[in-house]
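Worksheet: one structure, shown below.
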Amino acid sequence: MLHQQITEYLKIRYPHVLFRTDFAAGLKLSMQQAILHKKLQASRAWPDLQVAEKSHVLYGEYPGLFIELKADGVELYKKDGTLRKNEHYEEQAAMLQRLRDRGYKAEFAVGFVQARKLIDEYLTGGSPLF
């Protein structure tokens, strides 16, 4: 499970960092649970992972990091770099842009390696040694 890999990595590599992941994103909820979950959210397009830490000074000046996680192999973009036609992806991309407009770093990450690289660069200003 991608969420579990990312959270374990954060706990081991960056134990001081506060974060939250949307655990319910990949769960099969009952109809009642799904309705309640939707009511409790600002948007169904809210990113999967929030890192409540300022970026490293060498990375830029961001008050927090938001990542919309996608499984390995998901193709978000066409060869020309535009987002694939998909209503949910478009909603998520719009939410990421709204967060960017408020000064946050907000990106898609496909798979563990891409998510880890984004987190490492954000928190260290570059790639760590391991």
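If you're wondering about the labels, chains in the structure tokens are A, B, ... by order shown, residues count from 1 in each chain, ligands from 1 in order shown.
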Q) What lies within 10 Å of segment 101-108 of chain A using only C-alpha atoms, ignoring chain neighbours under 6 positions off, as a VMD selection string? A) chain A and resid 47 to 51 54 to 55 60 to 70 76 89 92 to 93 95 114 to 115 118 122
Q: Could you tell me, as a PyMOL selection string, which residues of chain A DSSP assigns to helix (DSSP H, G or I) when given the backbone?
A: chain A and resi 2-13+23-26+31-39+87-101+111-124
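Neighbouring residues of Leu2 of chain A at 12 Å or closer, counting only C-alpha atoms and skipping chain neighbours under 3 positions away, are A:Gln5, A:Ile6, A:Thr7, A:Glu8, A:Tyr9, A:Thr21, A:Asp22, A:Phe23, A:Ala25, A:Gly26, A:Asp48, A:Leu49, A:Glu68, A:Leu69, A:Lys70, A:Ala71, A:Asp72, A:Ala109, A:Val110, A:Gly111, A:Phe112, A:Val113, A:Gln114, A:Ala115, A:Arg116.
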Q: Can you work out the spacing between atom CA of Lys117 of chain A and atom CA of Tyr59 of chain A in Å, to one decimal?
A: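 One can read the atom CA of Lys117 of chain A to atom CA of Tyr59 of chain A distance as 12.5 Å.
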Q | Test item, strand (DSSP E) assignment across segment 58-92 of chain A, answer as number ranges by chain | A | A: 65-70
Q. Do you have the atom CA of Arg44 of chain A-atom CA of Glu121 of chain A distance handy?
A.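 Answer for the atom CA of Arg44 of chain A to atom CA of Glu121 of chain A separation: 27.3 Å.
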Q. Of the candidates A:Val74, A:His3, A:Ala45, A:Ser30, which shows the shortest atom-to-atom distance to Glu90 of chain A, using only C-alpha atoms?
A.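 Nearest to Glu90 of chain A: A:Ala45.
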